[in-house]
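Contents: one structure, followed by commentary.
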Amino acid sequence: MNKFEALGLGDAIVKAVNEMGFETPSEVQEKAIPILLNEDTDIVALAQTGTGKTAAFGFPLIEKVDSSSRITQGLILSPTRELCLQITNELKNYSKFVPGLHTVAIYGGASITDQAKQIKRGAQIVVATPGRMQDMINRKMVDITNIGYCVLDEADEMLNMGFYEDINSILSHTPNEKSTWLFSATMPKEVSTIAKRFMHEPVEITVGHKNTGSKNVSHEYYVVNSRDRYAALKRLADANPDIFSVIFCRTKRDTQKVAENLIEDGYNAAALHGDLSQNQRDLVMKSFRNRQIQMLVATDVAARGIDVDDVTHVINYQLPDEIETYTHRSGRTGRAGKSGVSMVIVSKSEIRKIKSVERIIKKSFEKKEIPSGEEICQVQLFHLANDIRKAEINHEIDSYLPSINEVLKEFSKEELIKKFFSVEFSRFHNYYKKARDLNVSNEQGNDYSNNGSTRYFINVGEKDGFDWMTLKDFLKEVLEIGSDSLSRVDVKESFSFFNTSTEHQERVLQIFEDFRMEGRKVNVEISKDSGRRGGGRRRRDGGDNGFKGKRRSDGFKPKGRKRFDNKDNKGNESGNRRRDRRKRSDRR
Ligand code: ADP
Ligand code: MG
């Protein structure tokens, strides 16, 4: 008997599973599916990302709903629009052979009336982001008063994003006797609060480690000026010639930029973010798995589900907005019993965040120095020497050997080695020998970060159909931040104002740098009348990323890098090809 059949799943799903090529249920599926199929119970399931949680709740949900009735019976809440779409797609695949079953995604930033129409046609399963769900409930566009199942997916992430109030209010519209299934990678206090508050004697299942990250991971941080972030990243990579890493950025835009810069500077790098098609993402992941890519630059959402062993380093190019996310990031390394390093590049004002991370992971960080140019040269030199030692001899050149010997006959072994290294290494050495110190001294007290908020002007208002509630929801969805971080939304006739916590300022400006809504440019600026320090207009290219220009001044291209790494050149070529093909959407 098929292993999925053995869990109690019916023919239609088993057929779809075969088609998708799943052979064995994952651990969380094995544990959750039989319980959910056979008992009407609440459940709390903790499992790392990429462990197949979607099917763990999706399969039983599809079995449970009555596809001959058009009533909405299952609601899945998920933190972001991307995950919402991803889950919907998965569910559609799973239920391919279940006639009459409709799954509809509802999320912000797209037409609410279209979504309402789809629901009206009959959707037994609704997958929603909390903000848009709340909005549609308020407008009576969706009826969840009869659902039997409510899934809270990525519950930790939803709470991190400040959706507690929304979830609270959405659940108040659902019947008491439904089952609630909570899935989460981590179990912070907020998640247990939700579990206590909304769930009735939930069954608990845990897969792998609970809560904290792997004990095989050591944590390091490096303090640099914000404008030196990219240079620091390169040094960290150059100081670790065998690096096989995932580099996390906060936004798609930064992800794309850092990857492009790395590629341009001669590294085997690629970007992974939500603007790539599924097909492009699969290609990137394939190259990463077979090591053609050494540095995978990714957003948090896109990196969920990366299950590649042997990742040596996770580099936090920027810390995540939500500190809990750090656990997901560092969990990409130190897998399968291997050890790994999670590095964080911070500016001085972010040092205090390291303390918060330490509290969450219950481990302490080591403060390290960005390696000096000299150190890097040393590392690279020995790496090159070792590569030479390990290299397999290519006998194709045997026939040329006599003439080559003739050319080089006057040199001793020592001289030959020196000359060889000079050819291979001078460029690298020349670049790094004058390299400046990137480290910033760590004394506290010059903490520029204020916990205040920033006020913005946005050129949409009532005439675009917004009131303060819908504008707030729109902003929550687009900016992917929670209610708590958004305040003072004031909608006027043709424009509006709103506030976010100042920590989101960079991101807000970036997201709206080139944002279109129904073809029209949406413009966001820091409001002049904010009355706060630094509240005047500022250039929108922000101070934090330094590399707006084509090239940093610190822009050495280690062209020889591929050769140092004793790899074939294919990786880099395919990286470049991919780059040409890549869709260059500048919006998020
Ligand atoms: P999670 O929600 O735990 O992060 P997902 O449900 O998104 O993980 O699954 C991660 C990936 O694994 C998806 O591409 C999914 O199609 C795939 N997958 C899920 N279950 C199985 C299985 N039993 N066998 C093979 N692949 C699976
Ligand atoms: Mg998931």
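Naming works like this for the structure tokens: A, B, ... for the chains as they're shown, residue 1 at the start of each chain, ligands 1 onward in shown order.
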Near-region 126-133 of chain A list (9 Å; only C-alpha atoms; drop same-chain fewer than 4 positions) as a ChimeraX atom specification: /A:72-81,83-85,87-88,102-109,112,119,137-138,142,158,163,166-167,170,470,472-474,476-477,482-483
Could you write those residues out with N, CA and C atoms, as a compact mmCIF listing (two decimals), in the first residue's frame?
```txt
# COMPACT_ATOMS: atom_id res chain seq x y z
N THR A 72 -18.42 28.03 2.77
CA THR A 72 -17.02 28.08 3.19
C THR A 72 -16.86 27.31 4.49
N GLN A 73 -16.01 26.27 4.42
CA GLN A 73 -15.88 25.36 5.57
C GLN A 73 -14.51 25.41 6.22
N GLY A 74 -13.53 25.87 5.46
CA GLY A 74 -12.17 25.90 6.00
C GLY A 74 -11.54 27.27 5.76
N LEU A 75 -10.89 27.81 6.79
CA LEU A 75 -10.20 29.09 6.64
C LEU A 75 -8.74 28.89 7.03
N ILE A 76 -7.84 29.32 6.15
CA ILE A 76 -6.42 29.25 6.47
C ILE A 76 -5.90 30.68 6.54
N LEU A 77 -5.33 31.05 7.66
CA LEU A 77 -4.73 32.38 7.78
C LEU A 77 -3.22 32.24 7.65
N SER A 78 -2.65 33.13 6.88
CA SER A 78 -1.21 33.05 6.64
C SER A 78 -0.64 34.46 6.60
N PRO A 79 0.62 34.65 7.00
CA PRO A 79 1.10 36.01 7.25
C PRO A 79 1.24 36.91 6.03
N THR A 80 1.69 36.40 4.90
CA THR A 80 1.96 37.30 3.79
C THR A 80 1.21 36.86 2.54
N ARG A 81 1.14 37.78 1.63
CA ARG A 81 0.43 37.50 0.40
C ARG A 81 1.12 36.40 -0.39
N LEU A 83 2.92 33.84 0.82
CA LEU A 83 2.62 32.54 1.39
C LEU A 83 1.18 32.15 1.11
N CYS A 84 0.32 33.15 1.12
CA CYS A 84 -1.09 32.91 0.85
C CYS A 84 -1.27 32.31 -0.55
N LEU A 85 -0.57 32.89 -1.51
CA LEU A 85 -0.66 32.38 -2.87
C LEU A 85 -0.01 31.00 -2.99
N ILE A 87 0.28 28.71 -0.64
CA ILE A 87 -0.58 27.69 -0.03
C ILE A 87 -1.74 27.36 -0.97
N THR A 88 -2.34 28.42 -1.55
CA THR A 88 -3.47 28.21 -2.45
C THR A 88 -3.06 27.32 -3.62
N HIS A 102 -13.25 24.19 -4.43
CA HIS A 102 -12.65 25.47 -4.82
C HIS A 102 -11.90 26.10 -3.65
N THR A 103 -10.67 26.50 -3.93
CA THR A 103 -9.86 27.19 -2.93
C THR A 103 -9.59 28.59 -3.45
N VAL A 104 -9.89 29.60 -2.65
CA VAL A 104 -9.72 30.98 -3.10
C VAL A 104 -8.75 31.71 -2.18
N ALA A 105 -7.86 32.48 -2.79
CA ALA A 105 -6.88 33.25 -2.01
C ALA A 105 -7.38 34.68 -1.86
N ILE A 106 -7.34 35.21 -0.67
CA ILE A 106 -7.64 36.63 -0.51
C ILE A 106 -6.51 37.32 0.24
N TYR A 107 -6.05 38.41 -0.34
CA TYR A 107 -4.87 39.10 0.19
C TYR A 107 -4.91 40.54 -0.31
N GLY A 108 -4.19 41.40 0.35
CA GLY A 108 -4.22 42.82 0.00
C GLY A 108 -3.45 43.16 -1.25
N GLY A 109 -3.64 44.36 -1.73
CA GLY A 109 -2.89 44.81 -2.90
C GLY A 109 -3.46 44.33 -4.21
N ILE A 112 -10.32 43.84 -4.41
CA ILE A 112 -11.14 43.18 -3.40
C ILE A 112 -12.45 42.68 -4.01
N ILE A 119 -15.31 34.34 -4.19
CA ILE A 119 -15.88 33.70 -3.00
C ILE A 119 -17.36 33.45 -3.19
N ILE A 137 -14.51 40.77 6.00
CA ILE A 137 -15.55 40.47 7.00
C ILE A 137 -16.34 41.75 7.28
N ASN A 138 -15.60 42.85 7.47
CA ASN A 138 -16.28 44.13 7.74
C ASN A 138 -17.24 44.49 6.63
N VAL A 142 -17.50 38.01 2.89
CA VAL A 142 -17.18 36.61 3.12
C VAL A 142 -17.89 36.18 4.40
N MET A 158 2.96 35.38 11.93
CA MET A 158 1.80 36.29 11.95
C MET A 158 1.82 37.17 13.19
N PHE A 163 -0.17 40.84 13.91
CA PHE A 163 -1.54 40.51 13.51
C PHE A 163 -2.41 39.97 14.65
N ASP A 166 -5.94 41.34 14.72
CA ASP A 166 -6.72 40.88 13.56
C ASP A 166 -7.16 39.44 13.74
N ILE A 167 -6.23 38.60 14.17
CA ILE A 167 -6.57 37.19 14.35
C ILE A 167 -7.67 37.06 15.40
N ILE A 170 -10.90 38.15 13.84
CA ILE A 170 -11.39 37.20 12.82
C ILE A 170 -11.98 35.96 13.50
N THR A 470 -9.33 51.14 5.34
CA THR A 470 -8.87 50.39 4.16
C THR A 470 -7.45 50.82 3.78
N LYS A 472 -5.17 51.67 5.90
CA LYS A 472 -4.31 51.00 6.87
C LYS A 472 -4.10 49.53 6.44
N ASP A 473 -5.18 48.90 6.03
CA ASP A 473 -5.05 47.51 5.58
C ASP A 473 -4.16 47.40 4.36
N PHE A 474 -4.38 48.33 3.44
CA PHE A 474 -3.56 48.35 2.23
C PHE A 474 -2.08 48.47 2.61
N LYS A 476 -0.64 47.81 5.47
CA LYS A 476 -0.18 46.62 6.19
C LYS A 476 0.24 45.53 5.23
N GLU A 477 -0.58 45.37 4.21
CA GLU A 477 -0.32 44.28 3.26
C GLU A 477 0.91 44.58 2.41
N GLY A 482 2.78 44.92 10.77
CA GLY A 482 1.54 44.73 11.51
C GLY A 482 0.90 46.03 11.96
N SER A 483 -0.31 45.93 12.48
CA SER A 483 -1.08 47.09 12.95
C SER A 483 -0.28 47.93 13.93
```
Exercise answer, 7 Å around ligand 1 with only C-alpha atoms and all ligand atoms, as a ChimeraX atom specification: /A:21-26,47-55,90,304-305
Writing out the chosen residues with N, CA and C atoms as a PDB file, in the first residue's frame:
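Okay, this is what ended up in result-v7.pdb:
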```pdb
ATOM      1  N   GLY A  21       4.874  13.584  -7.247  1.00  0.00           N
ATOM      2  CA  GLY A  21       6.147  12.907  -7.012  1.00  0.00           C
ATOM      3  C   GLY A  21       6.543  12.783  -5.549  1.00  0.00           C
ATOM      4  N   PHE A  22       5.603  13.030  -4.629  1.00  0.00           N
ATOM      5  CA  PHE A  22       5.925  12.785  -3.219  1.00  0.00           C
ATOM      6  C   PHE A  22       5.955  11.279  -3.011  1.00  0.00           C
ATOM      7  N   GLU A  23       7.021  10.775  -2.396  1.00  0.00           N
ATOM      8  CA  GLU A  23       7.085   9.328  -2.186  1.00  0.00           C
ATOM      9  C   GLU A  23       6.767   8.928  -0.748  1.00  0.00           C
ATOM     10  N   THR A  24       7.407   9.663   0.176  1.00  0.00           N
ATOM     11  CA  THR A  24       7.172   9.327   1.589  1.00  0.00           C
ATOM     12  C   THR A  24       6.651  10.552   2.302  1.00  0.00           C
ATOM     13  N   PRO A  25       5.722  10.345   3.218  1.00  0.00           N
ATOM     14  CA  PRO A  25       5.263  11.486   4.004  1.00  0.00           C
ATOM     15  C   PRO A  25       6.399  12.025   4.864  1.00  0.00           C
ATOM     16  N   SER A  26       6.441  13.323   5.046  1.00  0.00           N
ATOM     17  CA  SER A  26       7.446  13.890   5.949  1.00  0.00           C
ATOM     18  C   SER A  26       7.008  13.609   7.382  1.00  0.00           C
ATOM     19  N   ALA A  47       7.110  22.608  13.670  1.00  0.00           N
ATOM     20  CA  ALA A  47       8.096  21.993  12.777  1.00  0.00           C
ATOM     21  C   ALA A  47       8.790  23.089  12.011  1.00  0.00           C
ATOM     22  N   GLN A  48      10.067  22.889  11.783  1.00  0.00           N
ATOM     23  CA  GLN A  48      10.868  23.856  11.039  1.00  0.00           C
ATOM     24  C   GLN A  48      10.277  24.101   9.647  1.00  0.00           C
ATOM     25  N   THR A  49      10.727  25.169   9.040  1.00  0.00           N
ATOM     26  CA  THR A  49      10.261  25.442   7.681  1.00  0.00           C
ATOM     27  C   THR A  49      10.784  24.372   6.733  1.00  0.00           C
ATOM     28  N   GLY A  50      10.011  24.157   5.685  1.00  0.00           N
ATOM     29  CA  GLY A  50      10.430  23.200   4.678  1.00  0.00           C
ATOM     30  C   GLY A  50      10.185  21.762   5.080  1.00  0.00           C
ATOM     31  N   THR A  51       9.369  21.547   6.098  1.00  0.00           N
ATOM     32  CA  THR A  51       9.131  20.176   6.533  1.00  0.00           C
ATOM     33  C   THR A  51       7.799  19.640   6.007  1.00  0.00           C
ATOM     34  N   GLY A  52       7.135  20.418   5.158  1.00  0.00           N
ATOM     35  CA  GLY A  52       5.902  19.924   4.538  1.00  0.00           C
ATOM     36  C   GLY A  52       4.652  20.173   5.359  1.00  0.00           C
ATOM     37  N   LYS A  53       4.617  21.309   6.045  1.00  0.00           N
ATOM     38  CA  LYS A  53       3.465  21.590   6.885  1.00  0.00           C
ATOM     39  C   LYS A  53       2.195  21.831   6.056  1.00  0.00           C
ATOM     40  N   THR A  54       2.371  22.425   4.865  1.00  0.00           N
ATOM     41  CA  THR A  54       1.186  22.729   4.054  1.00  0.00           C
ATOM     42  C   THR A  54       0.356  21.471   3.784  1.00  0.00           C
ATOM     43  N   ALA A  55       1.030  20.392   3.427  1.00  0.00           N
ATOM     44  CA  ALA A  55       0.289  19.159   3.161  1.00  0.00           C
ATOM     45  C   ALA A  55      -0.219  18.546   4.461  1.00  0.00           C
ATOM     46  N   GLU A  90      -0.579  25.173  -3.733  1.00  0.00           N
ATOM     47  CA  GLU A  90      -0.363  23.802  -3.261  1.00  0.00           C
ATOM     48  C   GLU A  90      -1.706  23.084  -3.098  1.00  0.00           C
ATOM     49  N   ARG A 304      12.292  30.407   2.998  1.00  0.00           N
ATOM     50  CA  ARG A 304      11.575  29.393   3.766  1.00  0.00           C
ATOM     51  C   ARG A 304      11.562  28.120   2.937  1.00  0.00           C
ATOM     52  N   GLY A 305      11.825  27.033   3.566  1.00  0.00           N
ATOM     53  CA  GLY A 305      11.792  25.798   2.808  1.00  0.00           C
ATOM     54  C   GLY A 305      13.121  25.450   2.166  1.00  0.00           C
TER      55      GLY A 305
END
```
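Excluding Val357 (chain A) itself and same-chain residues fewer than 3 positions from it, the residues having an atom within 12 Å of it are A:Thr212, A:Gly213, A:His219, A:Glu220, A:Tyr221, A:Leu319, A:Pro320, A:Asp321, A:Glu322, A:Ile323, A:Glu324, A:Thr325, A:Tyr326, A:Thr327, A:His328, A:Arg329, A:Ser330, A:Val344, A:Glu350, A:Ile351, A:Arg352, A:Lys353, A:Ile354, A:Ile360, A:Ile361, A:Lys362, A:Lys363, A:Ser364, A:Phe365, counting only C-alpha atoms.
Distances to Glu358 (chain A) were evaluated for A:Val341, A:Ser218, A:Gln510, A:Tyr164 using only C-alpha atoms, and the minimum falls at A:Ser218.
Distances here use only C-alpha atoms; by that measure, the residue among A:Ile458, A:Val297, A:Ala239, A:Ala32 closest to Leu471 (chain A) is A:Ile458.
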Region 261-482 of chain A: residues DSSP assigns to alpha helix (DSSP H), reported as a ChimeraX atom specification: /A:261-264,278-289,300-303,325-330,351-361,373-390,401-408,413-433,468-479
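Here the residues within region 13-67 of chain A that DSSP labels strand (DSSP E) on the basis of the backbone are Ile43, Val44, Ala45 and Leu46 of chain A.
Candidate residues A:Pro371, A:Gly208, A:Gly148, A:Pro188 were compared for distance to Leu61 (chain A), and the nearest is A:Gly148, using only C-alpha atoms.
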Option closest in space to ligand 2, from A:Ile33, A:Asn2, A:Ser67, A:Val301 [counting only C-alpha atoms and all ligand atoms]: A:Val301
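CA of Glu177 (chain A) sits 10.3 Å away from CA of Asp42 (chain A).
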Surrounding residues of Met343 (chain A) excluding itself and chain neighbours under 4 positions, 12 Å, only C-alpha atoms, as JSON, numbers by chain: {"A": [217, 218, 219, 220, 221, 222, 223, 232, 233, 236, 237, 245, 246, 247, 248, 312, 313, 314, 315, 316, 317, 318, 319, 326, 329, 330, 333, 354, 365, 366, 367, 368, 369, 370]}
Who sits within 12 Å of Leu36 (chain A), only C-alpha atoms, same chain under 3 positions skipped, as a PyMOL selection string: chain A and resi 7-9+28-33+39-45+55-64+149+151+179-182+202-205
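CA of Gln118 (chain A) lies 25.9 Å from CA of Leu276 (chain A).
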